[in-house]
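A.B. asks: If you scroll down you'll find the structure; I have some questions about it.
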Amino acid sequence: MLNILLMASPQGGQGGGSPMVSLLFFAGMIVVMWLFMIRPQTKKAKLQKQFGEGLREGDKIVTIAGIHGKIKKINDNNTIQMEVSPGTFFTIERSAVSMEYTTAHNKPAEEKK
């Protein structure tokens, strides 16, 4: 493929750029991809994990499905017993609690105090 592109160049098949420039361009693309795609995702995953580990009994939460409730019990197997209405309990995975929805739901309650 590269040979075809070089043959079609106006210099008659001569490659004008050095391999070092191509290598630096490729390395630059990798750095940009890391800065704008990979790094923010790992940072968000770390925050989500810390949020999930910081959950306590009595916290009001919202799941990723949009179900609102209160934590009644945190089980040893990474599950949470959540009370959605008096006497009605769901068992959900700890990872099913949405950090964004929960903080948005609890934010107005904190501002009123």
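Lettering and numbering for the structure tokens are positional, with chains as A, B, ... in the shown order, residues counted from 1 in each chain, and ligands counted from 1 in the shown order.
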May I have the residues within 6 Å of range 66-80 of chain A as a list in words, using only C-alpha atoms and disregarding those fewer than 6 positions away in the same chain?

C.D. replies: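 My reading of the contact set: Glu57, Gly58, Asp59, Lys60, Thr91, Ile92, Glu93 and Arg94 of chain A.
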
A.B. asks: May I have the residues within 9 Å of range 99-109 of chain A as a list in words, using only C-alpha atoms and disregarding those fewer than 4 positions away in the same chain?

C.D. replies: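 These residues fall inside the cut-off: Leu47, Gln48, Phe51, Gly52, Lys60, Ile61, Val62, Thr63, Ile64, Gly66, His68 and Lys113 of chain A.
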
A.B. asks: Pull the helix (DSSP H, G or I) assignments for range 3-80 of chain A out of DSSP run on the backbone, and list those residues as an NGL selection string.

C.D. replies: :A and (3-7 or 19-53)

A.B. asks: What does the distance from CA of Ser98 in chain A to CA of Glu83 in chain A come to in Å, to one decimal?

C.D. replies: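 Spanning CA of Ser98 in chain A to CA of Glu83 in chain A is a straight-line distance of 16.0 Å.
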
A.B. asks: Extract the full set of strand (DSSP E or B) residues from range 28-94 of chain A according to DSSP on the backbone, and format it as a list of chain:residue names.

C.D. replies: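 Here is the list: A:Lys60, A:Ile61, A:Val62, A:Thr63, A:His68, A:Gly69, A:Lys70, A:Ile71, A:Lys72, A:Lys73, A:Ile74, A:Thr79, A:Ile80, A:Gln81, A:Met82, A:Glu83, A:Val84, A:Ser85, A:Thr88, A:Phe89, A:Phe90, A:Thr91, A:Ile92, A:Glu93.
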